[in-house]
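K.L.:
This is my_file24.cif, which holds mmCIF, C-alpha atoms:
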data_model
loop_
_atom_site.label_atom_id
_atom_site.label_comp_id
_atom_site.auth_asym_id
_atom_site.auth_seq_id
_atom_site.Cartn_x
_atom_site.Cartn_y
_atom_site.Cartn_z
CA MET G 71 60.89 123.71 182.53
CA LYS G 72 63.97 121.66 181.73
CA THR G 73 64.33 119.64 178.53
CA ARG G 74 67.15 118.95 176.11
CA VAL G 75 65.87 121.86 174.03
CA THR G 76 65.97 124.38 176.88
CA GLU G 77 69.52 123.27 177.66
CA LEU G 78 70.60 123.30 174.02
CA LEU G 79 69.19 126.77 173.29
CA GLN G 80 69.67 128.21 176.79
CA ILE G 81 66.02 129.25 177.07
CA ARG G 82 63.54 129.04 179.95
CA TYR G 83 60.67 127.31 178.13
CA PRO G 84 60.89 124.83 175.22
CA ILE G 85 58.84 127.03 172.88
CA VAL G 86 60.29 128.17 169.55
CA GLN G 87 58.63 130.74 167.30
CA GLY G 88 58.50 129.70 163.64
CA GLY G 89 60.11 131.62 160.78
CA LEU G 90 56.85 133.24 159.55
CA ALA G 91 57.67 134.75 156.16
CA TYR G 92 57.12 138.54 156.04
CA LEU G 93 56.14 138.58 159.73
CA ALA G 94 59.02 137.39 161.92
CA TYR G 95 60.89 140.59 162.63
CA ALA G 96 62.51 142.19 165.64
CA GLU G 97 59.38 143.09 167.63
CA LEU G 98 58.02 139.54 167.62
CA ALA G 99 61.37 137.76 167.93
CA ALA G 100 62.46 139.87 170.88
CA ALA G 101 59.12 139.46 172.65
CA VAL G 102 59.24 135.66 172.38
CA SER G 103 62.82 135.49 173.61
CA GLN G 104 62.20 137.95 176.42
CA ALA G 105 59.21 135.85 177.57
CA GLY G 106 61.38 132.74 177.86
CA GLY G 107 61.05 131.09 174.46
CA LEU G 108 63.20 131.38 171.34
CA GLY G 109 62.20 134.14 168.96
CA GLN G 110 63.35 134.21 165.35
CA ILE G 111 63.90 136.68 162.53
CA THR G 112 63.01 135.62 159.00
CA ALA G 113 66.09 136.29 156.87
CA MET G 114 64.85 135.62 153.35
CA SER G 115 61.92 138.05 153.64
CA LEU G 116 64.36 140.92 154.11
CA PRO G 117 65.60 142.92 151.10
CA SER G 118 69.35 142.76 151.77
CA PRO G 119 72.08 141.45 154.07
CA GLU G 120 72.37 144.88 155.66
CA ALA G 121 68.65 144.84 156.45
CA LEU G 122 69.20 141.54 158.25
CA ARG G 123 72.11 143.02 160.17
CA GLU G 124 69.92 145.91 161.26
CA GLU G 125 67.13 143.55 162.33
CA ILE G 126 69.53 141.43 164.39
CA ARG G 127 70.81 144.52 166.15
CA ARG G 128 67.26 145.69 166.79
CA VAL G 129 66.51 142.39 168.54
CA ARG G 130 69.61 142.79 170.68
CA SER G 131 68.49 146.30 171.65
CA MET G 132 65.24 144.81 173.00
CA THR G 133 66.47 141.66 174.76
CA ASP G 134 69.66 140.03 175.98
CA LYS G 135 68.13 136.55 175.62
CA PRO G 136 69.03 134.02 172.89
CA PHE G 137 67.24 134.30 169.55
CA GLY G 138 67.51 132.75 166.11
CA VAL G 139 67.52 133.60 162.42
CA ASN G 140 65.42 131.46 160.09
CA PHE G 141 66.54 130.67 156.54
CA ALA G 142 63.69 129.51 154.30
CA ILE G 143 65.84 128.41 151.38
CA GLY G 144 63.53 126.32 149.23
CA GLN G 145 62.79 128.91 146.55
CA HIS G 146 65.84 131.14 146.86
CA GLY G 147 68.62 129.08 145.30
CA ARG G 148 71.90 130.16 146.86
CA ALA G 149 70.68 133.70 147.55
CA TYR G 150 70.89 132.90 151.26
CA GLU G 151 74.71 132.87 151.25
CA HIS G 152 75.28 136.60 151.86
CA MET G 153 72.53 136.59 154.48
CA LEU G 154 74.19 133.65 156.25
CA GLU G 155 77.49 135.52 156.38
CA VAL G 156 75.76 138.36 158.23
CA ALA G 157 74.33 135.90 160.78
CA ILE G 158 77.85 134.53 161.31
CA GLU G 159 79.41 137.98 161.59
CA GLU G 160 76.75 139.07 164.09
CA ARG G 161 77.30 135.88 166.14
CA VAL G 162 73.68 134.81 166.06
CA PRO G 163 73.31 131.95 168.57
CA VAL G 164 70.73 129.88 166.63
CA VAL G 165 70.02 129.31 162.94
CA SER G 166 67.01 127.37 161.69
CA ILE G 167 66.71 126.02 158.17
CA THR G 168 63.45 125.30 156.37
CA GLY G 169 62.29 124.36 152.91
CA GLY G 170 65.42 123.02 151.24
CA ASN G 171 68.64 121.04 151.56
CA PRO G 172 70.18 122.14 154.88
CA GLU G 173 73.59 120.54 154.34
CA PRO G 174 75.42 123.50 152.74
CA LEU G 175 74.31 125.84 155.53
CA ILE G 176 75.16 123.34 158.26
CA ARG G 177 78.59 122.83 156.74
CA ARG G 178 79.23 126.60 156.62
CA LEU G 179 78.19 126.97 160.27
CA GLU G 180 80.29 124.07 161.60
CA PRO G 181 83.31 126.20 162.67
CA TYR G 182 81.10 128.46 164.78
CA ASN G 183 79.22 128.09 168.04
CA VAL G 184 75.81 128.23 166.37
CA LYS G 185 72.98 125.83 167.17
CA LYS G 186 71.41 124.46 164.00
CA LEU G 187 67.71 123.54 163.81
CA VAL G 188 66.19 121.92 160.73
CA LEU G 189 62.48 121.68 159.85
CA VAL G 190 61.48 118.20 158.64
CA ALA G 191 58.24 116.48 157.68
CA SER G 192 59.31 112.83 157.63
CA VAL G 193 61.51 110.31 159.38
CA ARG G 194 63.88 110.19 156.40
CA GLN G 195 64.34 113.97 156.40
CA ALA G 196 65.01 113.92 160.15
CA GLN G 197 67.65 111.23 159.80
CA LYS G 198 69.34 113.09 156.94
CA ALA G 199 69.36 116.32 158.98
CA GLU G 200 70.93 114.52 161.92
CA ALA G 201 73.57 112.94 159.67
CA ALA G 202 74.35 116.36 158.20
CA GLY G 203 75.04 117.79 161.65
CA ALA G 204 71.78 119.36 162.86
CA ASP G 205 71.60 119.94 166.61
CA ALA G 206 67.81 119.42 166.65
CA VAL G 207 64.95 118.89 164.25
CA MET G 208 61.52 120.49 164.15
CA ALA G 209 59.05 117.88 162.89
CA VAL G 210 55.90 119.36 161.35
CA GLY G 211 52.72 117.36 160.95
CA GLN G 212 50.23 117.94 158.16
CA GLU G 213 48.05 120.11 160.43
CA GLY G 214 50.67 122.85 160.29
CA GLY G 215 50.56 126.10 158.38
CA GLY G 216 52.87 126.95 155.51
CA HIS G 217 54.75 124.39 153.48
CA LEU G 218 54.28 120.80 154.59
CA GLY G 219 55.53 117.35 153.73
CA ARG G 220 53.99 115.38 150.90
CA ASP G 221 53.00 112.36 153.00
CA ASP G 222 50.02 113.83 154.92
CA VAL G 223 51.25 112.39 158.23
CA GLY G 224 49.70 114.01 161.29
CA THR G 225 51.63 115.34 164.27
CA MET G 226 50.34 112.62 166.62
CA VAL G 227 52.03 109.91 164.57
CA LEU G 228 54.97 111.84 163.12
CA ILE G 229 56.47 113.02 166.41
CA PRO G 230 56.99 109.63 168.09
CA ARG G 231 58.18 108.19 164.78
CA VAL G 232 60.83 110.90 164.48
CA VAL G 233 61.74 110.68 168.19
CA ASP G 234 62.33 106.94 167.78
CA SER G 235 64.44 107.49 164.67
CA VAL G 236 67.01 110.11 165.75
CA ARG G 237 69.19 110.78 168.78
CA ILE G 238 69.06 114.57 168.68
CA PRO G 239 66.23 116.58 170.31
CA VAL G 240 62.93 116.89 168.48
CA LEU G 241 60.59 119.89 168.50
CA ALA G 242 56.96 119.13 167.65
CA SER G 243 55.22 121.42 165.16
CA GLY G 244 51.78 121.47 163.56
CA GLY G 245 48.49 121.90 165.39
CA ILE G 246 50.06 123.28 168.59
CA GLY G 247 48.78 126.52 170.05
CA ASP G 248 48.21 126.10 173.78
CA GLY G 249 49.48 124.34 176.88
CA ARG G 250 47.62 121.15 176.06
CA GLY G 251 49.56 120.93 172.81
CA LEU G 252 52.82 121.57 174.63
CA LEU G 253 52.08 118.85 177.17
CA ALA G 254 50.99 116.42 174.45
CA ALA G 255 54.21 117.06 172.50
CA LEU G 256 56.30 116.31 175.57
CA ALA G 257 54.26 113.16 176.21
CA LEU G 258 54.97 112.03 172.64
CA GLY G 259 58.69 112.24 173.34
CA ALA G 260 59.49 115.68 171.95
CA ASP G 261 61.68 118.08 173.90
CA GLY G 262 59.68 121.15 172.97
CA VAL G 263 57.43 122.76 170.37
CA GLU G 264 57.71 125.11 167.42
CA MET G 265 54.69 127.33 166.74
CA GLY G 266 53.99 129.63 163.84
CA THR G 267 50.30 130.39 163.34
CA ARG G 268 49.59 131.03 167.03
CA PHE G 269 52.24 133.72 167.21
CA ILE G 270 50.62 135.64 164.33
CA ALA G 271 47.64 136.31 166.59
CA THR G 272 49.68 138.21 169.18
CA GLN G 273 50.04 141.91 169.82
CA GLU G 274 53.75 141.95 168.98
CA CYS G 275 53.18 140.50 165.50
CA VAL G 276 52.81 144.08 164.36
CA HIS G 277 53.24 143.47 160.64
CA ALA G 278 50.19 141.19 160.27
CA HIS G 279 47.15 143.08 158.97
CA GLN G 280 44.09 143.09 161.19
CA VAL G 281 42.14 141.19 158.51
CA TYR G 282 44.73 138.39 158.74
CA LYS G 283 44.48 138.22 162.51
CA GLU G 284 40.68 138.31 162.39
CA SER G 285 40.65 135.41 159.94
CA LEU G 286 42.57 133.36 162.51
CA LEU G 287 40.18 134.35 165.30
CA ARG G 288 37.07 133.72 163.21
CA GLY G 289 38.17 130.51 161.55
CA THR G 290 37.71 126.96 162.75
CA GLU G 291 39.89 123.93 162.14
CA SER G 292 37.94 123.44 158.90
CA ASP G 293 38.82 126.87 157.53
CA THR G 294 42.17 126.08 155.98
CA LEU G 295 43.11 124.80 152.53
CA VAL G 296 46.16 123.06 151.10
CA ILE G 297 47.40 124.77 147.96
CA LYS G 298 50.24 123.91 145.54
CA ARG G 299 49.76 120.18 146.00
CA SER G 300 49.71 119.82 142.21
CA LEU G 301 53.21 121.33 142.12
CA GLY G 302 54.57 118.91 144.71
CA THR G 303 55.03 121.67 147.29
CA PRO G 304 51.85 121.58 149.41
CA GLY G 305 51.23 124.40 151.85
CA ARG G 306 48.36 125.13 154.23
CA VAL G 307 46.64 128.52 154.10
CA VAL G 308 43.64 130.16 155.70
CA ARG G 309 40.50 129.91 153.56
CA THR G 310 40.05 133.13 151.57
CA PRO G 311 38.64 133.90 148.11
CA GLY G 312 42.23 134.31 146.93
CA ALA G 313 43.18 130.84 148.19
CA GLU G 314 40.02 129.32 146.70
CA LYS G 315 41.01 130.79 143.34
CA ILE G 316 44.37 129.00 143.51
CA LEU G 317 42.65 125.69 144.23
CA GLU G 318 40.24 126.19 141.34
CA LEU G 319 43.14 126.72 138.97
CA GLU G 320 44.88 123.61 140.25
CA ARG G 321 41.74 121.53 139.79
CA ALA G 322 41.55 122.82 136.23
CA GLY G 323 45.06 121.53 135.56
CA ALA G 324 46.98 124.81 135.64
CA ASP G 325 50.76 124.42 135.44
CA TYR G 326 53.35 126.41 137.37
CA GLU G 327 53.49 129.27 134.86
CA ARG G 328 49.72 129.67 135.04
CA LEU G 329 49.74 129.52 138.84
CA LYS G 330 52.77 131.72 139.38
CA PRO G 331 50.94 135.09 139.50
CA TYR G 332 48.57 133.74 142.15
CA ILE G 333 51.06 131.94 144.46
CA SER G 334 53.85 134.52 144.45
CA GLY G 335 55.31 136.27 147.45
CA LYS G 336 53.62 139.42 146.18
CA GLN G 337 50.19 137.81 146.54
CA ASN G 338 51.13 136.53 149.98
CA ARG G 339 52.12 140.04 151.03
CA ARG G 340 48.84 141.46 149.69
CA PHE G 341 46.99 139.54 152.36
CA VAL G 342 49.64 139.70 155.10
CA TYR G 343 50.21 143.46 154.87
CA GLU G 344 47.16 144.88 153.09
CA GLY G 345 44.41 142.48 154.19
CA ASP G 346 43.40 141.77 150.58
CA ASP G 347 41.63 138.43 150.97
CA GLN G 348 40.14 138.59 147.47
CA GLU G 349 43.47 138.29 145.67
CA GLY G 350 45.97 137.43 148.37
CA PHE G 351 46.57 134.44 150.62
CA GLY G 352 48.08 133.79 154.05
CA TRP G 353 49.67 130.74 155.59
CA ALA G 354 47.84 129.22 158.56
CA GLY G 355 47.49 125.85 160.25
CA GLN G 356 44.46 124.02 161.55
CA VAL G 357 45.32 125.36 164.99
CA ILE G 358 43.22 128.43 164.11
CA GLY G 359 40.36 126.44 165.62
CA LEU G 360 42.05 126.97 169.00
CA ILE G 361 42.75 130.70 168.60
CA HIS G 362 40.24 132.95 170.34
CA ASP G 363 42.19 136.05 171.36
CA VAL G 364 45.19 138.26 170.55
CA PRO G 365 47.27 138.34 173.73
CA THR G 366 50.75 139.67 174.27
CA VAL G 367 53.46 137.11 173.65
CA ARG G 368 54.25 136.98 177.36
CA GLU G 369 50.60 136.34 178.22
CA LEU G 370 50.44 133.55 175.66
CA ILE G 371 53.61 131.79 176.82
CA GLU G 372 52.81 132.10 180.52
CA ARG G 373 49.30 130.78 179.86
CA MET G 374 50.71 127.82 177.93
CA VAL G 375 53.11 126.94 180.72
CA ALA G 376 50.34 127.17 183.33
CA GLU G 377 48.02 125.00 181.19
CA ALA G 378 50.74 122.41 180.69
CA ASP G 379 51.46 122.36 184.42
CA GLY G 380 47.77 121.95 185.27
CA GLY G 381 47.38 119.23 182.68
CA SER G 382 50.41 117.41 184.03
CA ARG G 383 48.98 117.38 187.56
CA ARG G 384 45.65 116.13 186.20
CA LEU G 385 47.38 113.27 184.41
CA GLN G 386 49.42 112.37 187.47
CA GLN G 387 46.22 112.09 189.46
CA MET G 388 44.61 109.91 186.81
CA LEU G 389 47.64 107.66 186.45
CA SER G 390 48.01 107.23 190.20
CA GLY G 391 44.32 106.38 190.60
CA ARG G 392 43.63 109.27 192.95
#
Please express what this file holds, its structure, as structure tokens.
P.N.:
Amino acid sequence: MKTRVTELLQIRYPIVQGGLAYLAYAELAAAVSQAGGLGQITAMSLPSPEALREEIRRVRSMTDKPFGVNFAIGQHGRAYEHMLEVAIEERVPVVSITGGNPEPLIRRLEPYNVKKLVLVASVRQAQKAEAAGADAVMAVGQEGGGHLGRDDVGTMVLIPRVVDSVRIPVLASGGIGDGRGLLAALALGADGVEMGTRFIATQECVHAHQVYKESLLRGTESDTLVIKRSLGTPGRVVRTPGAEKILELERAGADYERLKPYISGKQNRRFVYEGDDQEGFGWAGQVIGLIHDVPTVRELIERMVAEADGGSRRLQQMLSGR
């Protein structure tokens, strides 16, 4: 496959693995890159800059293909700075930025040959990212897992709106988990896709507890909830008793201090690592309705490409009247 994204990132298929807090480490990142996509490490889930350096080197011991480091900066202030220096020192080829103002990071990366991707949830954010110097944007619709935009705009509308509003390549995100989603994203004008939730349900996502993976297999598109809307930072999670408890508190008017013990990274890790669905919570998009197995990353990507190819031929036949 050849798109502006494959050329920009020097990858075989225009499929980028999302940052996935507490889950995107060397095993998953290397598997995605080795299979032809772009794998990523999550920087801000690691305990120190040296831990990031070790993780980067672990990826390089597993694959010689390009990979990225994701910086989820929204709730970390300027704590990312030392981590970013490690990414620069280790000559990471791609950096993605989510959840905050990307401009300081983009500015720091300007002297280096690093491709800069920015997650956006609106046309305005995409235009600002482009103006700041992003090489591509990843536009996430409200179907997606994790933190979302506040406008509740779905992927089907958001992607062509963003494509029409910027000149740089656009990756579609939110509700994409198979080859049909990949083909649809390309038809909407995107140059590729970014997927998070679907990569959790793979064999190489070794840090995700089996209970987490089973919740993705068992759930339908109706089995997600949006929490933290009352705080102005909505995020989509899989439906669990722990997530329901957060929603109940929000409906009762709880402020941030009251919610803090329930929405913390610690509570996220309780579900992600320990499978505690009574107290913990885990990010997930509506795409769980399309997840029915836990393949290897290579099996998933090759299946997606084959599905997209078959779908393309079907459309060509329909459009040509054959």
K.L.:
If you take all atoms listed in the file and a cut-off of 8 Å, which residues of region 130-161 of chain G touch region 99-122 of chain G, and what are their nearest atom pairs and distances in Å to one decimal, in chain and number order, as JSON lines?
P.N.:
{"residue": "G:Arg130", "atom": "CA", "partner": "G:Ala100", "partner_atom": "CA", "distance": 7.7}
{"residue": "G:Met132", "atom": "CA", "partner": "G:Ala100", "partner_atom": "CA", "distance": 6.1}
{"residue": "G:Thr133", "atom": "CA", "partner": "G:Ala100", "partner_atom": "CA", "distance": 5.9}
{"residue": "G:Asp134", "atom": "CA", "partner": "G:Gln104", "partner_atom": "CA", "distance": 7.8}
{"residue": "G:Lys135", "atom": "CA", "partner": "G:Ser103", "partner_atom": "CA", "distance": 5.8}
{"residue": "G:Pro136", "atom": "CA", "partner": "G:Ser103", "partner_atom": "CA", "distance": 6.4}
{"residue": "G:Phe137", "atom": "CA", "partner": "G:Gly109", "partner_atom": "CA", "distance": 5.1}
{"residue": "G:Gly138", "atom": "CA", "partner": "G:Gln110", "partner_atom": "CA", "distance": 4.5}
{"residue": "G:Val139", "atom": "CA", "partner": "G:Ile111", "partner_atom": "CA", "distance": 4.8}
{"residue": "G:Asn140", "atom": "CA", "partner": "G:Thr112", "partner_atom": "CA", "distance": 4.9}
{"residue": "G:Phe141", "atom": "CA", "partner": "G:Ala113", "partner_atom": "CA", "distance": 5.6}
{"residue": "G:Ala142", "atom": "CA", "partner": "G:Met114", "partner_atom": "CA", "distance": 6.3}
{"residue": "G:Ile143", "atom": "CA", "partner": "G:Met114", "partner_atom": "CA", "distance": 7.5}
{"residue": "G:His146", "atom": "CA", "partner": "G:Met114", "partner_atom": "CA", "distance": 7.9}
{"residue": "G:Tyr150", "atom": "CA", "partner": "G:Met114", "partner_atom": "CA", "distance": 6.9}
{"residue": "G:His152", "atom": "CA", "partner": "G:Pro119", "partner_atom": "CA", "distance": 6.2}
{"residue": "G:Met153", "atom": "CA", "partner": "G:Pro119", "partner_atom": "CA", "distance": 4.9}
{"residue": "G:Val156", "atom": "CA", "partner": "G:Pro119", "partner_atom": "CA", "distance": 6.4}
K.L.:
Mind pulling up the distance from CA of Thr272 (chain G) to CA of Val364 (chain G)?
P.N.:
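Pair CA of Val364 (chain G) / CA of Thr272 (chain G) returns 4.7 Å.
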K.L.:
Taking a cut-off of 10 Å and counting all atoms listed in the file, can you build a table that, for each residue of region 86-130 of chain G near region 315-339 of chain G, reports the nearest atom pair and how far apart they are in Å (one decimal), sorted by chain then residue number, as JSON lines?
P.N.:
{"residue": "G:Ala91", "atom": "CA", "partner": "G:Gly335", "partner_atom": "CA", "distance": 9.2}
{"residue": "G:Tyr92", "atom": "CA", "partner": "G:Arg339", "partner_atom": "CA", "distance": 7.2}
{"residue": "G:Leu93", "atom": "CA", "partner": "G:Arg339", "partner_atom": "CA", "distance": 9.7}
{"residue": "G:Ser115", "atom": "CA", "partner": "G:Gly335", "partner_atom": "CA", "distance": 9.2}
K.L.:
List the spatial neighbours of region 366-380 of chain G as a PyMOL selection string - criterion: any atom at most 6 Å away, only C-alpha atoms, same-chain residues fewer than 6 positions off excluded.
P.N.:
chain G and resi 105+248-250+253+272-273
K.L.:
Report, in Å to a single decimal, how far apart CA of Leu90 (chain G) and CA of Ser243 (chain G) are.
P.N.:
13.2 Å
K.L.:
Fix up region 303-320 of chain G with N, CA and C atoms, then write it as an mmCIF file, keeping the file's coordinate frame.
P.N.:
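And here's result_10.cif as it stands now:
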data_model
loop_
_atom_site.group_PDB
_atom_site.id
_atom_site.type_symbol
_atom_site.label_atom_id
_atom_site.label_comp_id
_atom_site.auth_asym_id
_atom_site.auth_seq_id
_atom_site.Cartn_x
_atom_site.Cartn_y
_atom_site.Cartn_z
ATOM 1 N N THR G 303 54.575 120.860 146.156
ATOM 2 C CA THR G 303 55.030 121.670 147.290
ATOM 3 C C THR G 303 53.820 122.134 148.111
ATOM 4 N N PRO G 304 53.081 121.202 148.714
ATOM 5 C CA PRO G 304 51.850 121.580 149.410
ATOM 6 C C PRO G 304 52.090 122.522 150.574
ATOM 7 N N GLY G 305 51.156 123.456 150.739
ATOM 8 C CA GLY G 305 51.230 124.400 151.850
ATOM 9 C C GLY G 305 49.833 124.737 152.334
ATOM 10 N N ARG G 306 49.690 124.873 153.647
ATOM 11 C CA ARG G 306 48.360 125.130 154.230
ATOM 12 C C ARG G 306 48.156 126.626 154.456
ATOM 13 N N VAL G 307 46.995 127.109 154.009
ATOM 14 C CA VAL G 307 46.640 128.520 154.100
ATOM 15 C C VAL G 307 45.260 128.668 154.730
ATOM 16 N N VAL G 308 44.975 129.880 155.218
ATOM 17 C CA VAL G 308 43.640 130.160 155.700
ATOM 18 C C VAL G 308 42.705 130.296 154.497
ATOM 19 N N ARG G 309 41.457 129.869 154.665
ATOM 20 C CA ARG G 309 40.500 129.910 153.560
ATOM 21 C C ARG G 309 40.108 131.355 153.257
ATOM 22 N N THR G 310 40.430 131.805 152.062
ATOM 23 C CA THR G 310 40.050 133.130 151.570
ATOM 24 C C THR G 310 39.633 132.985 150.109
ATOM 25 N N PRO G 311 38.949 133.972 149.545
ATOM 26 C CA PRO G 311 38.640 133.900 148.110
ATOM 27 C C PRO G 311 39.902 133.762 147.254
ATOM 28 N N GLY G 312 40.989 134.422 147.672
ATOM 29 C CA GLY G 312 42.230 134.310 146.930
ATOM 30 C C GLY G 312 42.777 132.895 146.936
ATOM 31 N N ALA G 313 42.708 132.224 148.088
ATOM 32 C CA ALA G 313 43.180 130.840 148.190
ATOM 33 C C ALA G 313 42.272 129.900 147.408
ATOM 34 N N GLU G 314 40.971 130.145 147.469
ATOM 35 C CA GLU G 314 40.020 129.320 146.700
ATOM 36 C C GLU G 314 40.308 129.413 145.208
ATOM 37 N N LYS G 315 40.704 130.595 144.751
ATOM 38 C CA LYS G 315 41.010 130.790 143.340
ATOM 39 C C LYS G 315 42.209 129.927 142.923
ATOM 40 N N ILE G 316 43.210 129.841 143.797
ATOM 41 C CA ILE G 316 44.370 129.000 143.510
ATOM 42 C C ILE G 316 43.949 127.542 143.376
ATOM 43 N N LEU G 317 43.110 127.084 144.287
ATOM 44 C CA LEU G 317 42.650 125.690 144.230
ATOM 45 C C LEU G 317 41.856 125.416 142.965
ATOM 46 N N GLU G 318 41.021 126.358 142.575
ATOM 47 C CA GLU G 318 40.240 126.190 141.340
ATOM 48 C C GLU G 318 41.145 126.019 140.131
ATOM 49 N N LEU G 319 42.192 126.824 140.076
ATOM 50 C CA LEU G 319 43.140 126.720 138.970
ATOM 51 C C LEU G 319 43.851 125.375 138.971
ATOM 52 N N GLU G 320 44.210 124.911 140.153
ATOM 53 C CA GLU G 320 44.880 123.610 140.250
ATOM 54 C C GLU G 320 43.958 122.484 139.789
#
